[in-house]
Amino acid sequence: MTWPVVARRDLRALHADNSLAVFGGFFALLAAVLAYGATNGAGVTPLPTALALLFMFAVPLAAGTLTHEAVPSAVASGRVRLTLSLPHSRSTFLAGAGAARLTTTLVAVVAAIVVATVVYALRGAPVPALRVLAVLALAALLAAAFVAATLAFTARSTSTTLAAATTFGFFALALFWPIALSLVRVVLAGQFGVQVRLGLTDSLVVASPLYAYVNALTVVGIDPVATTGSVPDGVGVAVLLAWTLVGFALASRRFARIEL
Amino acid sequence: MAAIELAGVTKRYGDVTALHDLDLQVQSGEIYGFLGPNGAGKSTTIDILLDFVRPTSGTATVLGHDAHDESLAIRQRIGVLPEGFHVYERLTARQHLEFAIESKDADDDVEALLERVGIPEAADRKAGGFSKGMQQRLALAIALVGDPDLLILDEPSTGLDPNGAREMREIITEEAARGATIFFSSHILEQVEAVCDRVGILQQGELVAQDTIRGLREAAGTGATLTVTVKALTPDIVEAVEDVPGVTSVDTDRDVLTVSADDASKTDILDAIEAAGGEVVDFATREASLDDVFAAYTNDRDEEVSA
């Protein structure tokens with residue numbers, strides 16, 4: 001198990017190129033603005049809800065941005081040769097790269113939580129620590145799912161442009177997944193005469209990691225985005241875990257087959 | 001025991017055959033030079049040994065381990081200076097070496113390694129600012145971590161100045177003296193000639209020759225060049241020398257004869273000059289260089305292919 005060695009090296013590189021500072025600072029700034037706005041009106045938005053909404057968009061975009069170049073850039077530049085000439089397997093390389101990017105995303109998440117908490121406390125709004133920690137845990141799961149999925153999509157790519165298009169395309173699909181499902185349902189009914197139950201498409205909404213995250217949040221009483229569907233609360237946790245594990249397994253399988 | 005063994009290795013990229021049924025053995029403890037023109041398949045061979053690419057057919061073993069199935073066990077015991085590598089631009093030389101030391105669970109001293117490869121002052125500089133030669137030295141330092149049993153160096157002198165190339169040769173010799181096997185590819189024939197026990201010449205994916213440099217010279221029939229200064233050069237002397245068996249060419253310049261011949265003909269040439277009435281004032285011989293041997297093998301092959 002040498003992936004922590006690779007992860008530490010990648011973290012040093014991310015620290016050296018200021019990724020840690022940039023993402024941490026950006027998240028902190030967003031959190032400050034959001035917290036100020038959320039506590040400024042007549043009705044205060046609960047801190048966990050505000051953070052959950054922020055992380056729903058910021059975490060996948062940060063995880064994707066940090067991860068999409070990890071493999072294509074290393075392969076195209078030849079950096080991967082330096083690592084794989086040492087006793088690291090290809091899946092170790094991926095795990096280390098993924099862990100470093102996940103850690104960087106989580107550092108940014110923690111920075112956002114700290115800043116938002118300070119703003120809420122200064123303005124006299126309640127800070128429910130346990131529910132905030134639950135949001136942190138679910139944001140970590142969401143980040144892991146997007147890191148793994150991005151690795152899976154980019155593991156065979158040597159083009160960083162293509163990798164970026166795939167990564168952000170996946171985010172868009174995950175975001176507009178309910179609309180995509182509705183369109184498929186309409187097309188199937190209109191063009192092929194296949195009737196799909198509305199309940200089924202509603203249930204499939206949770207297959208998107210974004211809506212899985214939303215579903216998981218309901219377990220701790222947070223519902224940042226109103227969704228319909230018949231999936232029990234908490235299934236989203238299993239879906240996020242599945243995205244993480246299957247994504248990494250797929251990434252390993254794809255990366256193992258390329259010639260460097 | 002063979003440190004490296006390739007048996008019937010073929011590698012195809014689409015309809016291009018990079019390696020064709022390659023058989024190669026490198027014995028433990030030897031310094032093996034791997035020569036060949038651009039595109040001959042040297043780097044592909046090394047990439048197969050490192051499991052960067054997989055052979056289309058055939059088997060490759062390194063230190064008794066299968067190059068694909070037991071690649072991790074191999075890389076624990078070898079040091080590699082790969083071709084086409086790139087450093088982490090924002091990390092320092094020290095951080096690169098700490099990563100290698102940690103990866104191999106070794107206890108090498110970073111300063112000592114950098115001192116050995118000639119860049120002790122660069123320990124805390126970011127590698128992105130290094131020249132190509134300094135990056136090459138850093139990669140060599142990484143390869144030396146953990147006192148590997150086998151060093152695989154792909155074009156190690158790329159980007160090095162003459163001093164750097166000499167220091168590289170010294171390190172190769174020191175590592176061999178320690179007991180390590182060295183396998184390196186190079187275009188710098190002078191380097192190969194200076195340090196190698198055996199040489200393999202790869203041409204269009206096939207090993208066209210493999211022997212000691214002396215053995216290759218003899219087999220290629222590149223012989224030697226004899227330069228003879230006589231007191232007064234006459235047409236009879238030139239004719240007599242041309243008639244000596246083993247002489248392939250004779251050039252004249254005033255009273256100097258330049259004769260290409262096989263090694264065994266040298267005394268016969270001098271005898272022929274004296275028998276023709278010539279008086280030898282001075283003579284010198286120059287053995288065929290590895291350049292000549294390399295050209296003989298690769299040009300012959302080109303001619304065979306074009307024929």
# chains A, B, ... in the order shown; residues from 1 in each chain; ligands from 1
>>> interface_residues(of="chain B", to="chain A", cutoff="10 Å", atoms="only C-alpha atoms", output="number ranges by chain")
B: 47-48, 50-54, 71-92, 95-96, 98-105, 126, 139, 142-143, 145, 152
>>> write_last_selection(atoms="C-alpha atoms", output="tab-separated table (two decimals), in the first residue's frame")
chain	number	residue	atom	x	y	z
B	47	ASP	CA	9.38	0.16	-21.95
B	48	ILE	CA	8.51	-3.56	-22.11
B	50	LEU	CA	9.31	-1.60	-17.21
B	51	ASP	CA	5.76	-2.72	-18.12
B	52	PHE	CA	5.04	0.66	-19.67
B	53	VAL	CA	4.01	-1.22	-22.81
B	54	ARG	CA	3.08	-4.88	-23.28
B	71	SER	CA	6.46	-5.59	-12.21
B	72	LEU	CA	6.31	-4.24	-8.66
B	73	ALA	CA	8.86	-6.77	-7.39
B	74	ILE	CA	11.13	-5.76	-10.26
B	75	ARG	CA	10.82	-2.04	-9.64
B	76	GLN	CA	11.67	-2.53	-5.98
B	77	ARG	CA	15.09	-3.84	-7.05
B	78	ILE	CA	15.93	-1.69	-10.03
B	79	GLY	CA	16.79	1.92	-10.69
B	80	VAL	CA	15.48	3.54	-13.84
B	81	LEU	CA	16.35	6.62	-15.80
B	82	PRO	CA	13.46	6.56	-18.25
B	83	GLU	CA	13.35	8.29	-21.61
B	84	GLY	CA	10.83	11.09	-22.05
B	85	PHE	CA	10.32	11.65	-18.33
B	86	HIS	CA	9.32	15.01	-16.90
B	87	VAL	CA	10.01	16.36	-13.44
B	88	TYR	CA	7.41	17.91	-11.12
B	89	GLU	CA	8.15	21.52	-11.88
B	90	ARG	CA	7.04	22.97	-8.55
B	91	LEU	CA	8.80	20.39	-6.40
B	92	THR	CA	12.42	20.73	-5.36
B	95	GLN	CA	11.29	16.58	-2.59
B	96	HIS	CA	11.78	14.42	-5.69
B	98	GLU	CA	12.45	12.13	-0.69
B	99	PHE	CA	9.58	10.71	-2.74
B	100	ALA	CA	11.87	8.11	-4.32
B	101	ILE	CA	13.43	7.20	-0.96
B	102	GLU	CA	10.01	6.85	0.64
B	103	SER	CA	8.73	4.85	-2.32
B	104	LYS	CA	11.54	2.32	-2.02
B	105	ASP	CA	11.53	2.38	1.78
B	126	LYS	CA	12.39	23.88	-7.86
B	139	ALA	CA	16.62	11.46	-12.59
B	142	ILE	CA	16.44	8.96	-8.28
B	143	ALA	CA	17.57	5.84	-10.14
B	145	VAL	CA	18.13	5.34	-4.61
B	152	ILE	CA	18.22	0.63	-16.63
>>> select_by_dssp(residues="range 108-295 of chain B", states="strand (DSSP E)", output="ChimeraX atom specification")
/B:150-154,181-185,198-203,206-211,224-230,247-253,256-261,280-287
>>> select_by_dssp(residues="range 5-250 of chain A", states="alpha helix (DSSP H)", output="ChimeraX atom specification")
/A:5-16,19-38,47-67,70-77,79-84,90-122,129-154,160-175,177-192,198-204,209-217,235-250
>>> residues_around(residues="Tyr32 in chain B", least_positions_apart="2", cutoff="7 Å", atoms="only C-alpha atoms", output="count of residues only")
10
>>> residues_around(residues="range 144-147 of chain A", least_positions_apart="5", cutoff="10 Å", atoms="only C-alpha atoms", output="PyMOL selection string")
chain A and resi 59-68+97-99+101-103+105-106+138-139+152+167+170-171+209-210+213+239-248
>>> write_last_selection(atoms="N, CA, C and O atoms", output="short mmCIF file (atom, residue, chain, number, x, y, z; two decimals), in the first residue's frame")
data_model
loop_
_atom_site.label_atom_id
_atom_site.label_comp_id
_atom_site.auth_asym_id
_atom_site.auth_seq_id
_atom_site.Cartn_x
_atom_site.Cartn_y
_atom_site.Cartn_z
N VAL A 59 -18.45 21.79 -4.65
CA VAL A 59 -17.62 20.58 -4.43
C VAL A 59 -17.41 19.79 -5.72
O VAL A 59 -16.26 19.46 -6.06
N PRO A 60 -18.47 19.48 -6.49
CA PRO A 60 -18.22 18.74 -7.73
C PRO A 60 -17.33 19.51 -8.70
O PRO A 60 -16.46 18.92 -9.35
N LEU A 61 -17.55 20.82 -8.79
CA LEU A 61 -16.75 21.61 -9.73
C LEU A 61 -15.28 21.66 -9.29
O LEU A 61 -14.37 21.55 -10.12
N ALA A 62 -15.06 21.80 -7.98
CA ALA A 62 -13.68 21.83 -7.49
C ALA A 62 -13.02 20.46 -7.67
O ALA A 62 -11.88 20.37 -8.15
N ALA A 63 -13.74 19.40 -7.31
CA ALA A 63 -13.16 18.05 -7.42
C ALA A 63 -12.84 17.74 -8.89
O ALA A 63 -11.77 17.20 -9.20
N GLY A 64 -13.75 18.11 -9.79
CA GLY A 64 -13.52 17.86 -11.21
C GLY A 64 -12.37 18.68 -11.76
O GLY A 64 -11.52 18.17 -12.49
N THR A 65 -12.33 19.95 -11.37
CA THR A 65 -11.26 20.83 -11.85
C THR A 65 -9.89 20.33 -11.39
O THR A 65 -8.92 20.31 -12.16
N LEU A 66 -9.82 19.91 -10.13
CA LEU A 66 -8.54 19.44 -9.59
C LEU A 66 -8.13 18.09 -10.18
O LEU A 66 -6.94 17.81 -10.32
N THR A 67 -9.12 17.26 -10.52
CA THR A 67 -8.80 15.87 -10.88
C THR A 67 -8.65 15.64 -12.38
O THR A 67 -7.91 14.75 -12.79
N HIS A 68 -9.32 16.46 -13.20
CA HIS A 68 -9.41 16.07 -14.61
C HIS A 68 -8.07 15.99 -15.32
O HIS A 68 -7.91 15.25 -16.27
N ALA A 97 -3.19 9.93 -6.56
CA ALA A 97 -3.61 11.17 -7.25
C ALA A 97 -5.01 11.56 -6.77
O ALA A 97 -5.28 12.74 -6.48
N GLY A 98 -5.91 10.58 -6.68
CA GLY A 98 -7.29 10.85 -6.25
C GLY A 98 -7.33 11.33 -4.81
O GLY A 98 -8.04 12.31 -4.49
N ALA A 99 -6.57 10.69 -3.94
CA ALA A 99 -6.58 11.06 -2.52
C ALA A 99 -6.07 12.49 -2.33
O ALA A 99 -6.61 13.24 -1.50
N ARG A 101 -6.24 14.95 -4.49
CA ARG A 101 -7.25 15.91 -4.97
C ARG A 101 -8.45 15.96 -4.04
O ARG A 101 -9.04 17.02 -3.82
N LEU A 102 -8.82 14.81 -3.49
CA LEU A 102 -9.93 14.78 -2.53
C LEU A 102 -9.56 15.59 -1.28
O LEU A 102 -10.37 16.38 -0.77
N THR A 103 -8.33 15.41 -0.82
CA THR A 103 -7.88 16.15 0.36
C THR A 103 -7.91 17.66 0.10
O THR A 103 -8.35 18.44 0.96
N THR A 105 -9.81 19.25 -1.97
CA THR A 105 -11.21 19.68 -1.99
C THR A 105 -11.73 19.80 -0.55
O THR A 105 -12.44 20.76 -0.21
N LEU A 106 -11.37 18.83 0.28
CA LEU A 106 -11.87 18.86 1.67
C LEU A 106 -11.28 20.00 2.47
O LEU A 106 -11.94 20.56 3.35
N LEU A 138 -21.06 14.44 4.28
CA LEU A 138 -21.71 14.17 3.00
C LEU A 138 -21.01 14.91 1.85
O LEU A 138 -20.95 14.40 0.72
N ALA A 139 -20.48 16.09 2.15
CA ALA A 139 -19.71 16.81 1.12
C ALA A 139 -18.46 16.01 0.76
O ALA A 139 -18.04 15.96 -0.40
N ALA A 152 -12.27 7.97 -13.65
CA ALA A 152 -12.77 6.93 -14.57
C ALA A 152 -12.90 7.47 -15.99
O ALA A 152 -12.51 6.81 -16.95
N THR A 167 -15.28 16.07 -18.10
CA THR A 167 -15.53 16.30 -16.67
C THR A 167 -16.69 17.28 -16.46
O THR A 167 -17.62 17.00 -15.69
N PHE A 170 -19.98 15.92 -17.61
CA PHE A 170 -20.56 15.00 -16.62
C PHE A 170 -21.28 15.79 -15.52
O PHE A 170 -22.37 15.43 -15.09
N PHE A 171 -20.68 16.88 -15.10
CA PHE A 171 -21.32 17.71 -14.07
C PHE A 171 -22.66 18.25 -14.58
O PHE A 171 -23.67 18.22 -13.87
N PRO A 209 -25.05 11.68 -8.92
CA PRO A 209 -24.39 11.91 -7.62
C PRO A 209 -24.87 13.19 -6.93
O PRO A 209 -24.90 13.26 -5.71
N LEU A 210 -25.27 14.18 -7.73
CA LEU A 210 -25.75 15.43 -7.12
C LEU A 210 -27.06 15.19 -6.36
O LEU A 210 -27.23 15.65 -5.23
N TYR A 213 -26.64 13.11 -3.29
CA TYR A 213 -26.20 13.97 -2.18
C TYR A 213 -27.40 14.66 -1.54
O TYR A 213 -27.54 14.70 -0.31
N VAL A 239 -25.61 5.38 -2.97
CA VAL A 239 -25.33 5.74 -4.37
C VAL A 239 -23.97 6.46 -4.47
O VAL A 239 -23.17 6.17 -5.36
N LEU A 240 -23.71 7.36 -3.55
CA LEU A 240 -22.42 8.07 -3.57
C LEU A 240 -21.26 7.11 -3.34
O LEU A 240 -20.21 7.21 -4.00
N LEU A 241 -21.44 6.17 -2.43
CA LEU A 241 -20.40 5.17 -2.20
C LEU A 241 -20.18 4.33 -3.45
O LEU A 241 -19.05 4.01 -3.82
N ALA A 242 -21.29 3.99 -4.11
CA ALA A 242 -21.19 3.19 -5.34
C ALA A 242 -20.44 3.95 -6.42
O ALA A 242 -19.57 3.39 -7.10
N TRP A 243 -20.76 5.24 -6.59
CA TRP A 243 -20.04 6.07 -7.57
C TRP A 243 -18.54 6.06 -7.26
O TRP A 243 -17.70 5.97 -8.15
N THR A 244 -18.22 6.16 -5.97
CA THR A 244 -16.81 6.21 -5.56
C THR A 244 -16.11 4.89 -5.89
O THR A 244 -15.05 4.87 -6.53
N LEU A 245 -16.72 3.80 -5.45
CA LEU A 245 -16.05 2.50 -5.60
C LEU A 245 -16.02 2.03 -7.06
O LEU A 245 -14.98 1.62 -7.56
N VAL A 246 -17.17 2.14 -7.71
CA VAL A 246 -17.23 1.70 -9.11
C VAL A 246 -16.38 2.62 -9.98
O VAL A 246 -15.66 2.17 -10.89
N GLY A 247 -16.44 3.91 -9.68
CA GLY A 247 -15.63 4.87 -10.45
C GLY A 247 -14.16 4.56 -10.35
O GLY A 247 -13.44 4.53 -11.35
N PHE A 248 -13.69 4.29 -9.13
CA PHE A 248 -12.26 4.01 -8.97
C PHE A 248 -11.89 2.67 -9.62
O PHE A 248 -10.83 2.56 -10.27
#
>>> atom_distance(atom1="CA of Val184 in chain A", atom2="CA of Ala207 in chain A")
14.9 Å
